[in-house]
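Enquirer: To be precise about what I am sending: the file is called query_3.txt and holds compact mmCIF, C-alpha atoms (C1' of nucleotides) and all ligand atoms.
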# COMPACT_ATOMS: atom_id res chain seq x y z
CA MET A 1 -4.31 14.05 4.39
CA ALA A 2 -2.12 17.05 3.57
CA LYS A 3 -1.58 20.26 5.44
CA GLU A 4 -3.33 19.23 8.67
CA ILE A 5 -1.15 16.18 9.08
CA VAL A 6 1.95 18.14 8.29
CA ASP A 7 1.02 20.65 10.98
CA ASP A 8 0.19 17.82 13.32
CA GLN A 9 3.64 16.41 12.76
CA LEU A 10 5.09 19.75 13.75
CA ALA A 11 3.50 19.51 17.16
CA GLN A 12 4.29 15.93 17.94
CA ASN A 13 8.00 15.99 18.54
CA GLN A 14 7.87 16.57 22.24
CA LEU A 15 5.03 14.19 23.01
CA VAL A 16 6.60 11.27 21.40
CA THR A 17 8.51 8.15 22.23
CA ASN A 18 12.15 7.24 22.15
CA HIS A 19 13.25 4.66 19.65
CA LEU A 20 15.91 3.40 21.98
CA VAL A 21 13.28 2.25 24.45
CA GLU A 22 11.80 -1.21 23.98
CA ASN A 23 8.18 -0.06 24.14
CA PRO A 24 8.07 3.53 22.93
CA PHE A 25 4.35 3.80 23.63
CA ALA A 26 5.40 3.83 27.26
CA ALA A 27 8.00 6.57 26.92
CA ARG A 28 6.26 9.80 26.06
CA GLY A 29 7.73 13.15 26.80
CA HIS A 30 11.24 12.16 25.80
CA ASP A 31 13.78 14.50 24.26
CA HIS A 32 13.07 13.84 20.65
CA SER A 33 15.95 15.92 19.36
CA SER A 34 18.27 13.18 20.58
CA CYS A 35 16.33 10.70 18.47
CA ILE A 36 16.94 12.84 15.41
CA VAL A 37 20.60 13.37 16.18
CA SER A 38 21.27 9.70 16.77
CA ALA A 39 19.31 8.69 13.68
CA LEU A 40 21.29 11.06 11.46
CA ASP A 41 24.53 10.13 13.12
CA GLY A 42 23.88 6.45 12.69
CA ALA A 43 22.85 7.00 9.10
CA GLU A 44 26.12 8.76 8.30
CA LYS A 45 28.10 5.91 9.79
CA ARG A 46 25.99 3.22 8.18
CA CYS A 47 26.27 4.77 4.73
CA SER A 48 29.98 5.39 4.89
CA ARG A 49 30.56 1.84 6.12
CA ARG A 50 28.58 0.59 3.11
CA GLY A 51 30.19 2.97 0.62
CA GLU A 52 26.92 4.76 -0.04
CA ARG A 53 26.43 8.50 -0.27
CA LEU A 54 24.15 10.21 2.23
CA THR A 55 23.89 13.39 0.17
CA PRO A 56 22.49 16.61 1.65
CA LEU A 57 19.13 15.96 0.03
CA ARG A 58 18.90 12.41 1.35
CA ARG A 59 20.07 13.52 4.76
CA ARG A 60 17.48 16.26 4.85
CA VAL A 61 14.68 13.89 3.82
CA LEU A 62 15.75 11.50 6.56
CA GLU A 63 15.70 14.36 9.02
CA LEU A 64 12.19 15.28 7.92
CA VAL A 65 11.05 11.67 8.28
CA TRP A 66 12.44 11.76 11.81
CA ARG A 67 10.49 14.84 12.82
CA GLY A 68 8.35 12.46 14.82
CA HIS A 69 7.48 8.83 15.43
CA ARG A 70 4.47 9.00 13.20
CA PRO A 71 4.44 7.70 9.64
CA VAL A 72 4.67 10.48 7.06
CA GLY A 73 3.30 10.44 3.53
CA ALA A 74 5.60 11.08 0.59
CA TYR A 75 3.58 14.12 -0.40
CA ASP A 76 3.76 15.52 3.12
CA LEU A 77 7.52 15.30 2.90
CA LEU A 78 7.33 16.90 -0.51
CA ALA A 79 5.38 19.83 0.95
CA LEU A 80 7.94 20.27 3.70
CA LEU A 81 10.77 20.23 1.21
CA GLN A 82 8.92 22.71 -0.98
CA ASP A 83 8.62 25.07 1.98
CA GLU A 84 12.38 25.31 2.08
CA ARG A 85 13.35 24.88 -1.56
CA GLY A 86 10.49 26.13 -3.72
CA ARG A 87 9.41 23.85 -6.50
CA VAL A 88 10.29 20.22 -5.85
CA ALA A 89 8.85 17.42 -7.93
CA PRO A 90 7.67 14.01 -6.65
CA PRO A 91 10.60 12.02 -8.06
CA THR A 92 12.93 13.98 -5.80
CA ILE A 93 11.27 12.71 -2.66
CA TYR A 94 10.58 9.22 -3.98
CA ARG A 95 14.19 8.75 -5.01
CA ALA A 96 15.42 9.84 -1.63
CA LEU A 97 12.94 7.55 0.11
CA GLU A 98 13.94 4.66 -2.10
CA PHE A 99 17.56 5.17 -1.17
CA LEU A 100 16.76 5.42 2.53
CA CYS A 101 14.62 2.29 2.40
CA ASP A 102 17.35 0.43 0.52
CA GLN A 103 19.83 1.40 3.22
CA GLY A 104 17.48 0.19 5.92
CA LEU A 105 17.16 3.68 7.38
CA VAL A 106 13.47 4.10 6.62
CA HIS A 107 10.56 1.70 6.35
CA ARG A 108 7.45 2.00 4.25
CA LEU A 109 4.24 1.08 6.04
CA ASP A 110 2.17 -0.57 3.34
CA SER A 111 -1.04 -0.36 5.32
CA LEU A 112 -0.70 3.44 5.47
CA GLN A 113 1.24 4.17 2.32
CA ALA A 114 3.59 6.15 4.50
CA PHE A 115 7.18 6.15 5.72
CA ILE A 116 8.86 6.09 9.10
CA GLY A 117 12.44 6.14 10.35
CA CYS A 118 13.88 2.76 11.25
CA GLY A 119 14.17 2.43 15.01
CA HIS A 120 17.17 0.13 14.85
CA PRO A 121 19.02 -0.05 11.58
CA GLY A 122 21.60 -2.77 11.70
CA ALA A 123 19.25 -5.11 13.54
CA HIS A 124 17.83 -5.96 10.14
CA ASP A 125 21.25 -7.09 9.00
CA GLU A 126 21.18 -9.85 11.57
CA ALA A 127 19.83 -13.34 11.09
CA HIS A 128 16.16 -12.56 10.90
CA HIS A 129 14.82 -9.34 12.31
CA ALA A 130 12.36 -7.89 9.87
CA ALA A 131 10.44 -4.73 10.69
CA HIS A 132 7.23 -5.36 12.61
CA PHE A 133 5.01 -2.50 13.69
CA LEU A 134 2.33 -1.60 16.17
CA ILE A 135 0.37 1.39 14.90
CA CYS A 136 -2.05 3.36 17.05
CA GLN A 137 -5.11 4.44 15.06
CA ASP A 138 -5.85 7.21 17.54
CA CYS A 139 -2.59 9.02 18.29
CA GLY A 140 -0.87 7.81 15.13
CA LEU A 141 2.32 6.60 16.76
CA ALA A 142 4.01 3.67 15.08
CA VAL A 143 6.43 1.50 17.00
CA GLU A 144 8.88 -0.95 15.51
CA MET A 145 8.87 -4.13 17.56
CA ARG A 146 11.53 -6.75 18.12
CA ASP A 147 9.98 -9.95 19.26
CA GLY A 148 11.72 -13.28 19.15
CA GLN A 149 8.51 -15.29 19.37
CA LEU A 150 7.04 -13.46 16.42
CA ASP A 151 10.23 -13.90 14.41
CA GLY A 152 10.22 -17.58 15.36
CA ALA A 153 6.58 -18.11 14.44
CA ILE A 154 7.11 -16.57 11.02
CA LEU A 155 10.28 -18.55 10.38
CA GLY A 156 8.55 -21.71 11.54
CA LEU A 157 5.51 -21.45 9.34
CA ALA A 158 7.63 -20.51 6.34
CA ALA A 159 9.89 -23.48 6.97
CA ARG A 160 6.96 -25.88 7.22
CA ALA A 161 5.65 -24.56 3.88
CA GLY A 162 9.10 -24.73 2.29
CA PHE A 163 8.77 -21.02 1.66
CA ALA A 164 11.85 -18.78 1.27
CA ILE A 165 11.14 -15.41 2.83
CA ALA A 166 12.26 -12.28 1.00
CA ASP A 167 10.14 -9.56 2.61
CA GLU A 168 7.82 -9.21 5.56
CA THR A 169 4.97 -6.79 6.02
CA VAL A 170 3.74 -7.02 9.59
CA GLU A 171 1.66 -4.07 10.70
CA ILE A 172 -0.68 -4.42 13.65
CA SER A 173 -3.13 -1.54 14.00
CA GLY A 174 -5.28 -0.70 16.97
CA LEU A 175 -5.16 1.42 20.10
CA CYS A 176 -2.08 1.92 22.22
CA ALA A 177 -2.43 1.72 25.98
CA ASP A 178 -2.72 5.49 26.39
CA CYS A 179 -5.46 5.80 23.78
CA GLN A 180 -7.84 3.20 25.17
CA VAL A 181 -10.94 4.47 27.03
CA MET B 1 -0.04 -4.29 -14.52
CA ALA B 2 -3.17 -4.44 -16.67
CA LYS B 3 -4.02 -6.63 -19.60
CA GLU B 4 -1.15 -9.09 -19.24
CA ILE B 5 -2.08 -9.89 -15.67
CA VAL B 6 -5.71 -10.21 -16.57
CA ASP B 7 -4.79 -12.71 -19.28
CA ASP B 8 -2.46 -14.45 -16.89
CA GLN B 9 -5.33 -14.84 -14.47
CA LEU B 10 -7.33 -16.49 -17.21
CA ALA B 11 -4.74 -19.22 -17.55
CA GLN B 12 -4.13 -19.92 -13.92
CA ASN B 13 -7.27 -21.60 -12.82
CA GLN B 14 -6.17 -25.14 -13.46
CA LEU B 15 -2.65 -24.81 -12.08
CA VAL B 16 -3.67 -23.50 -8.79
CA THR B 17 -4.20 -24.60 -5.25
CA ASN B 18 -7.24 -25.50 -3.24
CA HIS B 19 -8.19 -23.23 -0.42
CA LEU B 20 -9.50 -26.13 1.59
CA VAL B 21 -6.03 -27.61 1.78
CA GLU B 22 -3.80 -26.46 4.61
CA ASN B 23 -0.84 -25.62 2.38
CA PRO B 24 -2.20 -24.70 -1.03
CA PHE B 25 1.28 -24.28 -2.47
CA ALA B 26 1.45 -28.05 -2.24
CA ALA B 27 -1.84 -28.77 -4.00
CA ARG B 28 -1.54 -27.68 -7.60
CA GLY B 29 -3.66 -29.10 -10.32
CA HIS B 30 -6.83 -29.09 -8.27
CA ASP B 31 -10.29 -28.58 -9.70
CA HIS B 32 -10.58 -24.88 -9.23
CA SER B 33 -14.19 -24.70 -10.30
CA SER B 34 -15.09 -26.30 -6.99
CA CYS B 35 -13.24 -23.49 -5.19
CA ILE B 36 -15.37 -20.95 -6.99
CA VAL B 37 -18.59 -22.82 -6.35
CA SER B 38 -17.92 -23.28 -2.67
CA ALA B 39 -16.79 -19.67 -2.27
CA LEU B 40 -19.98 -18.34 -3.87
CA ASP B 41 -22.09 -20.81 -2.01
CA GLY B 42 -20.52 -19.90 1.31
CA ALA B 43 -20.88 -16.23 0.51
CA GLU B 44 -24.61 -16.58 -0.12
CA LYS B 45 -25.06 -18.34 3.19
CA ARG B 46 -22.86 -15.96 5.11
CA CYS B 47 -24.63 -12.89 3.77
CA SER B 48 -28.13 -14.21 4.35
CA ARG B 49 -27.18 -15.25 7.89
CA ARG B 50 -25.96 -11.71 8.49
CA GLY B 51 -28.90 -10.03 6.78
CA GLU B 52 -26.70 -8.57 4.05
CA ARG B 53 -27.48 -8.52 0.35
CA LEU B 54 -25.16 -10.35 -2.01
CA THR B 55 -26.50 -8.58 -5.09
CA PRO B 56 -25.77 -9.83 -8.63
CA LEU B 57 -23.03 -7.23 -9.02
CA ARG B 58 -21.35 -8.13 -5.74
CA ARG B 59 -21.70 -11.81 -6.47
CA ARG B 60 -20.15 -11.36 -9.90
CA VAL B 61 -17.24 -9.36 -8.52
CA LEU B 62 -16.62 -12.08 -5.94
CA GLU B 63 -16.69 -14.64 -8.73
CA LEU B 64 -14.14 -12.62 -10.68
CA VAL B 65 -11.91 -12.32 -7.61
CA TRP B 66 -12.10 -16.10 -7.32
CA ARG B 67 -10.94 -16.73 -10.88
CA GLY B 68 -7.71 -17.82 -9.30
CA HIS B 69 -5.64 -17.83 -6.15
CA ARG B 70 -3.65 -14.82 -7.22
CA PRO B 71 -4.32 -11.33 -5.94
CA VAL B 72 -6.18 -9.18 -8.48
CA GLY B 73 -6.00 -5.41 -8.82
CA ALA B 74 -9.18 -3.35 -8.67
CA TYR B 75 -8.58 -2.07 -12.17
CA ASP B 76 -8.10 -5.59 -13.49
CA LEU B 77 -11.50 -6.46 -12.09
CA LEU B 78 -12.85 -3.29 -13.62
CA ALA B 79 -11.53 -4.34 -17.03
CA LEU B 80 -13.14 -7.77 -16.68
CA LEU B 81 -16.44 -6.22 -15.71
CA GLN B 82 -16.21 -3.79 -18.62
CA ASP B 83 -15.74 -6.71 -20.99
CA GLU B 84 -19.17 -7.96 -20.03
CA ARG B 85 -21.03 -4.72 -19.27
CA GLY B 86 -19.53 -1.94 -21.32
CA ARG B 87 -18.72 1.23 -19.44
CA VAL B 88 -18.17 0.64 -15.74
CA ALA B 89 -16.63 3.29 -13.52
CA PRO B 90 -14.15 2.70 -10.68
CA PRO B 91 -16.63 3.33 -7.84
CA THR B 92 -18.63 0.34 -9.00
CA ILE B 93 -15.79 -2.05 -8.36
CA TYR B 94 -14.50 -0.31 -5.26
CA ARG B 95 -17.92 -0.36 -3.65
CA ALA B 96 -18.35 -4.05 -4.36
CA LEU B 97 -14.88 -4.77 -2.99
CA GLU B 98 -15.59 -2.72 0.11
CA PHE B 99 -18.73 -4.73 0.73
CA LEU B 100 -16.94 -8.03 0.19
CA CYS B 101 -14.10 -7.00 2.50
CA ASP B 102 -16.59 -5.88 5.15
CA GLN B 103 -18.29 -9.27 4.97
CA GLY B 104 -14.96 -11.04 5.34
CA LEU B 105 -15.28 -12.62 1.90
CA VAL B 106 -12.32 -10.84 0.35
CA HIS B 107 -9.04 -9.52 1.72
CA ARG B 108 -6.99 -6.61 0.49
CA LEU B 109 -3.26 -7.29 0.32
CA ASP B 110 -1.73 -3.96 1.29
CA SER B 111 1.71 -4.91 0.06
CA LEU B 112 0.32 -5.47 -3.44
CA GLN B 113 -2.64 -3.11 -3.48
CA ALA B 114 -4.68 -6.05 -4.66
CA PHE B 115 -7.53 -8.28 -3.57
CA ILE B 116 -8.00 -12.00 -3.01
CA GLY B 117 -10.84 -14.25 -1.96
CA CYS B 118 -10.86 -15.27 1.68
CA GLY B 119 -9.85 -18.89 2.02
CA HIS B 120 -11.91 -19.45 5.15
CA PRO B 121 -14.52 -16.86 5.97
CA GLY B 122 -15.98 -17.57 9.35
CA ALA B 123 -12.59 -18.41 10.80
CA HIS B 124 -12.10 -14.68 11.23
CA ASP B 125 -15.21 -14.53 13.39
CA GLU B 126 -13.51 -16.70 15.98
CA ALA B 127 -11.39 -15.53 18.86
CA HIS B 128 -8.39 -14.34 16.95
CA HIS B 129 -7.73 -15.55 13.45
CA ALA B 130 -6.69 -12.62 11.34
CA ALA B 131 -5.67 -13.08 7.73
CA HIS B 132 -1.99 -13.89 7.29
CA PHE B 133 -0.51 -14.49 3.86
CA LEU B 134 2.41 -16.12 2.14
CA ILE B 135 2.87 -14.58 -1.30
CA CYS B 136 5.13 -16.06 -3.96
CA GLN B 137 6.95 -13.37 -5.90
CA ASP B 138 7.54 -15.75 -8.79
CA CYS B 139 4.29 -17.57 -9.51
CA GLY B 140 2.14 -14.97 -7.77
CA LEU B 141 0.12 -17.38 -5.66
CA ALA B 142 -1.04 -16.03 -2.32
CA VAL B 143 -1.97 -18.40 0.45
CA GLU B 144 -3.89 -17.52 3.57
CA MET B 145 -2.29 -19.19 6.56
CA ARG B 146 -3.72 -20.30 9.87
CA ASP B 147 -0.99 -20.65 12.41
CA GLY B 148 -1.60 -20.78 16.12
CA GLN B 149 1.96 -19.88 17.03
CA LEU B 150 1.82 -16.78 14.88
CA ASP B 151 -1.55 -15.79 16.33
CA GLY B 152 -0.15 -16.38 19.79
CA ALA B 153 3.01 -14.37 19.17
CA ILE B 154 1.00 -11.40 17.94
CA LEU B 155 -1.47 -11.60 20.81
CA GLY B 156 1.42 -11.92 23.25
CA LEU B 157 3.37 -8.92 22.08
CA ALA B 158 0.25 -6.79 21.90
CA ALA B 159 -0.70 -7.82 25.41
CA ARG B 160 2.75 -6.97 26.76
CA ALA B 161 2.48 -3.52 25.16
CA GLY B 162 -1.07 -3.05 26.42
CA PHE B 163 -2.09 -2.65 22.81
CA ALA B 164 -5.65 -3.39 21.63
CA ILE B 165 -5.55 -4.94 18.18
CA ALA B 166 -8.07 -3.81 15.59
CA ASP B 167 -6.47 -4.92 12.32
CA GLU B 168 -3.56 -7.06 11.23
CA THR B 169 -1.57 -6.83 8.03
CA VAL B 170 0.72 -9.84 7.82
CA GLU B 171 2.05 -10.51 4.34
CA ILE B 172 5.18 -12.59 3.91
CA SER B 173 6.64 -12.43 0.40
CA GLY B 174 9.24 -14.69 -1.11
CA LEU B 175 9.45 -17.89 -3.12
CA CYS B 176 7.19 -20.86 -2.65
CA ALA B 177 8.74 -24.33 -2.63
CA ASP B 178 7.99 -24.93 -6.31
CA CYS B 179 9.55 -21.67 -7.44
CA GLN B 180 12.91 -22.03 -5.73
CA VAL B 181 15.87 -23.01 -7.95
C1' DT C 1 44.53 18.52 -13.57
C1' DA C 2 41.98 16.85 -17.21
C1' DT C 3 38.70 13.89 -18.70
C1' DA C 4 35.47 10.12 -18.90
C1' DG C 5 32.23 7.26 -16.57
C1' DA C 6 29.09 6.88 -13.04
C1' DT C 7 25.80 8.66 -9.99
C1' DC C 8 22.70 12.10 -8.45
C1' DT C 9 19.29 15.70 -9.19
C1' DG C 10 15.94 18.53 -11.91
C1' DT C 11 11.99 18.57 -14.84
C1' DT C 12 8.01 17.27 -17.48
C1' DA C 13 4.63 14.24 -18.24
C1' DT C 14 1.82 10.50 -17.02
C1' DA C 15 0.43 6.03 -14.79
C1' DA C 16 -2.01 3.56 -11.18
C1' DT C 17 -4.95 3.45 -7.30
C1' DA C 18 -8.84 5.34 -4.91
C1' DT C 19 -12.69 8.49 -3.41
C1' DA C 20 -16.15 12.61 -3.26
C1' DA C 21 -20.43 14.10 -4.63
C1' DC C 22 -24.62 13.79 -6.54
C1' DA C 23 -28.26 11.58 -9.64
C1' DT C 24 -31.09 7.58 -10.58
C1' DA C 25 -32.85 3.01 -9.64
C1' DA C 26 -34.10 -0.92 -7.02
C1' DT C 27 -35.57 -2.83 -2.70
C1' DG C 28 -38.33 -3.59 1.30
C1' DA C 29 -41.25 -2.18 5.17
C1' DA C 30 -45.47 0.06 6.58
C1' DT D 1 -48.90 2.21 -2.87
C1' DT D 2 -45.81 5.18 -0.57
C1' DC D 3 -41.89 6.30 1.65
C1' DA D 4 -37.38 5.42 3.51
C1' DT D 5 -33.33 2.90 2.75
C1' DT D 6 -29.92 0.85 0.21
C1' DA D 7 -27.60 0.05 -4.11
C1' DT D 8 -25.90 1.52 -8.51
C1' DG D 9 -24.64 4.87 -12.23
C1' DT D 10 -21.96 8.88 -13.50
C1' DT D 11 -18.77 12.66 -13.49
C1' DA D 12 -15.06 14.65 -11.68
C1' DT D 13 -11.05 14.63 -8.95
C1' DA D 14 -7.74 13.22 -5.24
C1' DT D 15 -3.74 10.57 -3.91
C1' DT D 16 0.26 7.86 -4.60
C1' DA D 17 3.94 6.68 -7.62
C1' DT D 18 6.92 6.16 -11.87
C1' DA D 19 8.89 6.79 -16.80
C1' DA D 20 11.95 9.24 -19.50
C1' DC D 21 15.33 12.35 -20.44
C1' DA D 22 18.35 16.50 -19.54
C1' DG D 23 21.74 18.63 -16.80
C1' DA D 24 24.81 18.72 -12.77
C1' DT D 25 28.06 16.72 -9.64
C1' DC D 26 31.13 13.45 -8.05
C1' DT D 27 35.05 9.91 -8.52
C1' DA D 28 38.67 7.62 -10.34
C1' DT D 29 42.48 7.39 -12.91
C1' DA D 30 45.41 8.83 -16.83
ZN ZN A 201 13.67 -1.11 11.18
ZN ZN A 202 -2.07 5.97 20.82
ZN ZN A 203 -9.54 -14.81 5.30
ZN ZN A 204 5.70 -19.76 -6.55
The structure given in the file should be rewritten as structure tokens.
Expert:
Amino acid sequence: MAKEIVDDQLAQNQLVTNHLVENPFAARGHDHSSCIVSALDGAEKRCSRRGERLTPLRRRVLELVWRGHRPVGAYDLLALLQDERGRVAPPTIYRALEFLCDQGLVHRLDSLQAFIGCGHPGAHDEAHHAAHFLICQDCGLAVEMRDGQLDGAILGLAARAGFAIADETVEISGLCADCQV
Amino acid sequence: MAKEIVDDQLAQNQLVTNHLVENPFAARGHDHSSCIVSALDGAEKRCSRRGERLTPLRRRVLELVWRGHRPVGAYDLLALLQDERGRVAPPTIYRALEFLCDQGLVHRLDSLQAFIGCGHPGAHDEAHHAAHFLICQDCGLAVEMRDGQLDGAILGLAARAGFAIADETVEISGLCADCQV
DNA sequence: TATAGATCTGTTATAATATAACATAATGAA
DNA sequence: TTCATTATGTTATATTATAACAGATCTATA
């Protein structure tokens, strides 16, 4: 990836889904700027409530992550940041991403080695709502799911194995409804 | 990682679990050599049935992957192969791993960027049994689960979203029963 | 407000994982 | 055997991520 994907991200904002909707694949053409605003707004509140500092750099990286509902690579973000600030080194972006992930504002998609804004921070604070994704291999959209049956199945099998869950990576890739022949 | 983990792998074979057992975390102290034998044996059969060539290199890489029930990094495998063959370059190991993954004999754990032998090749040929793992962050054992409820939950949520599944990454990390205080 | 400790950011270098591209060798079918 | 295909060797490089340390900024409290 690199420049093409960055450019692609530029174009996606208005064709994309709303994170407030249960199935974003079904909600194209939404006003994505409201997604960004509410994500940044929520992030401010969440950080201040937790006594953490959403510095201008971190805020800007979060904003860049939220340019669309597609996962973004760390080096794509780096390129975007370099466009506005000149030389920026990898640790700058990785530290910001680490902070944002720690705060539950961003998730890393291990299957793509890429990052995406959390569709519902705060939900992860509750009993057991880990981040579970559907990822379209054609249009690239990634949707964070909340599914009680899935949560229950995972809790159940862990319980039967006596296993204490710390982290969950659940990433289902395939074709979204719109991208199937 | 690197040398330490390679050495660690050397020691693990006799403390490890049997992939024929439903919950391998509960079956330590098994005779791991039988795991290796049956994995290689099954691989030969599977490849010949599919008209694929399990060459000496591929077979040896599979054997190295099966040294234990812990995920192994590509560069750890490379080091092991170099010990026996002198200079070996990364593409050698990556090509063998790609073949083994394509044949369903090995899985890549995205959350660890590491590889592990498939506990039940053939099961993935059936209707819908993707590879789902429990991974202990303390002892490092990774266990491939088969859970109908989990399969069902994933199929159900995909169906409701009209999503056509191509790949599943399901890796649950935490502490196995033996490693909890 | 001054100052010290803590946290954040900048900077350089490098580690760890993975692939592209092309040359040579082994295999298998005709 | 001969040719086409597949597998392996080899060199170089891409991609993702972190270590280590210096300098700047913020915060608390004297
Ligand atoms: Zn989330
Ligand atoms: Zn799609
Ligand atoms: Zn498997
Ligand atoms: Zn354990």
Enquirer: Give me, as a tab-separated table, each residue of chain C that comes within 12 Å of chain B, together with its shortest interatomic pair and the distance in Å at one decimal, counting only C-alpha atoms (C1' of nucleotides), with rows ordered by chain and rising residue number.
Expert:
residue	atom	partner	partner_atom	distance
C:DA15	C1'	B:Met1	CA	10.3
C:DA16	C1'	B:Tyr75	CA	8.7
C:DT17	C1'	B:Gln113	CA	7.9
C:DA18	C1'	B:Tyr94	CA	8.0
C:DT19	C1'	B:Pro91	CA	7.9
C:DA20	C1'	B:Pro91	CA	10.4
C:DA21	C1'	B:Pro91	CA	11.9
C:DA26	C1'	B:Thr55	CA	11.0
C:DT27	C1'	B:Arg53	CA	10.4
C:DG28	C1'	B:Arg53	CA	12.0
Enquirer: Please produce a file of those selected residues containing C-alpha atoms (C1' of nucleotides), as a PDB file, keeping the file's coordinate frame.
Expert:
ATOM      1  C1'  DA C  15       0.430   6.030 -14.790  1.00  0.00           C
ATOM      2  C1'  DA C  16      -2.010   3.560 -11.180  1.00  0.00           C
ATOM      3  C1'  DT C  17      -4.950   3.450  -7.300  1.00  0.00           C
ATOM      4  C1'  DA C  18      -8.840   5.340  -4.910  1.00  0.00           C
ATOM      5  C1'  DT C  19     -12.690   8.490  -3.410  1.00  0.00           C
ATOM      6  C1'  DA C  20     -16.150  12.610  -3.260  1.00  0.00           C
ATOM      7  C1'  DA C  21     -20.430  14.100  -4.630  1.00  0.00           C
ATOM      8  C1'  DA C  26     -34.100  -0.920  -7.020  1.00  0.00           C
ATOM      9  C1'  DT C  27     -35.570  -2.830  -2.700  1.00  0.00           C
ATOM     10  C1'  DG C  28     -38.330  -3.590   1.300  1.00  0.00           C
TER      11       DG C  28
END
Enquirer: Distance cut-off 10 Å, counting all atoms listed in the file - which residues of chain D neighbour chain A? Return them as a PDB file with C-alpha atoms (C1' of nucleotides), in the frame of the given file.
Expert:
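To be explicit, this is the file written out as result_21.pdb:
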ATOM      1  C1'  DT D  15      -3.740  10.570  -3.910  1.00  0.00           C
ATOM      2  C1'  DT D  16       0.260   7.860  -4.600  1.00  0.00           C
ATOM      3  C1'  DA D  17       3.940   6.680  -7.620  1.00  0.00           C
ATOM      4  C1'  DT D  18       6.920   6.160 -11.870  1.00  0.00           C
TER       5       DT D  18
END
Enquirer: For chain B, report every residue with an atom at most 7 Å from chain A (counting only C-alpha atoms), formatted as a VMD selection string.
Expert: chain B and resid 23 110 to 111 149 to 150 153 to 154 161 to 177
Enquirer: Could those residues be written to a file, using C-alpha atoms, as a short mmCIF file (atom, residue, chain, number, x, y, z; two decimals), in the frame of the given file?
Expert:
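Dumped everything to again_2.cif:
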data_model
loop_
_atom_site.label_atom_id
_atom_site.label_comp_id
_atom_site.auth_asym_id
_atom_site.auth_seq_id
_atom_site.Cartn_x
_atom_site.Cartn_y
_atom_site.Cartn_z
CA ASN B 23 -0.84 -25.62 2.38
CA ASP B 110 -1.73 -3.96 1.29
CA SER B 111 1.71 -4.91 0.06
CA GLN B 149 1.96 -19.88 17.03
CA LEU B 150 1.82 -16.78 14.88
CA ALA B 153 3.01 -14.37 19.17
CA ILE B 154 1.00 -11.40 17.94
CA ALA B 161 2.48 -3.52 25.16
CA GLY B 162 -1.07 -3.05 26.42
CA PHE B 163 -2.09 -2.65 22.81
CA ALA B 164 -5.65 -3.39 21.63
CA ILE B 165 -5.55 -4.94 18.18
CA ALA B 166 -8.07 -3.81 15.59
CA ASP B 167 -6.47 -4.92 12.32
CA GLU B 168 -3.56 -7.06 11.23
CA THR B 169 -1.57 -6.83 8.03
CA VAL B 170 0.72 -9.84 7.82
CA GLU B 171 2.05 -10.51 4.34
CA ILE B 172 5.18 -12.59 3.91
CA SER B 173 6.64 -12.43 0.40
CA GLY B 174 9.24 -14.69 -1.11
CA LEU B 175 9.45 -17.89 -3.12
CA CYS B 176 7.19 -20.86 -2.65
CA ALA B 177 8.74 -24.33 -2.63
#
Enquirer: For segment 44-57 of chain B, find every residue with an atom within 10 Å (counting all atoms listed in the file), except residues of its own chain fewer than 4 positions away, and show them as a PDB file with C-alpha atoms (C1' of nucleotides), keeping the file's coordinate frame.
Expert:
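As a result, result-v9.pdb now contains:
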ATOM      1  CA  SER B  38     -17.920 -23.280  -2.670  1.00  0.00           C
ATOM      2  CA  ALA B  39     -16.790 -19.670  -2.270  1.00  0.00           C
ATOM      3  CA  LEU B  40     -19.980 -18.340  -3.870  1.00  0.00           C
ATOM      4  CA  VAL B  61     -17.240  -9.360  -8.520  1.00  0.00           C
ATOM      5  CA  LEU B  62     -16.620 -12.080  -5.940  1.00  0.00           C
ATOM      6  CA  GLU B  63     -16.690 -14.640  -8.730  1.00  0.00           C
ATOM      7  CA  LEU B  81     -16.440  -6.220 -15.710  1.00  0.00           C
ATOM      8  CA  THR B  92     -18.630   0.340  -9.000  1.00  0.00           C
ATOM      9  CA  ILE B  93     -15.790  -2.050  -8.360  1.00  0.00           C
ATOM     10  CA  ALA B  96     -18.350  -4.050  -4.360  1.00  0.00           C
ATOM     11  CA  PHE B  99     -18.730  -4.730   0.730  1.00  0.00           C
ATOM     12  CA  LEU B 100     -16.940  -8.030   0.190  1.00  0.00           C
ATOM     13  CA  GLN B 103     -18.290  -9.270   4.970  1.00  0.00           C
ATOM     14  CA  GLY B 104     -14.960 -11.040   5.340  1.00  0.00           C
ATOM     15  CA  LEU B 105     -15.280 -12.620   1.900  1.00  0.00           C
ATOM     16  CA  PRO B 121     -14.520 -16.860   5.970  1.00  0.00           C
ATOM     17  CA  GLY B 122     -15.980 -17.570   9.350  1.00  0.00           C
TER      18      GLY B 122
ATOM     19  C1'  DT D   6     -29.920   0.850   0.210  1.00  0.00           C
ATOM     20  C1'  DA D   7     -27.600   0.050  -4.110  1.00  0.00           C
ATOM     21  C1'  DT D   8     -25.900   1.520  -8.510  1.00  0.00           C
TER      22       DT D   8
END
Enquirer: How many Å separate atom CA of Arg58 of chain B from atom C1' of DT2 of chain D?
Expert: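 Atom-to-atom, atom CA of Arg58 of chain B and atom C1' of DT2 of chain D are spaced 28.3 Å apart.
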Enquirer: Show me, as a PyMOL selection string, the residues that have an atom within 12 Å of DA30 of chain D when counting only C-alpha atoms (C1' of nucleotides), minus same-chain residues fewer than 2 positions from it.
Expert: (chain C and resi 1-4) or (chain D and resi 28)
Enquirer: Show me which residues are within 6 Å of ligand ZN 203 (chain A) counting only C-alpha atoms (C1' of nucleotides) and all ligand atoms, and format the list as a ChimeraX atom specification.
Expert: /B:118-121,131
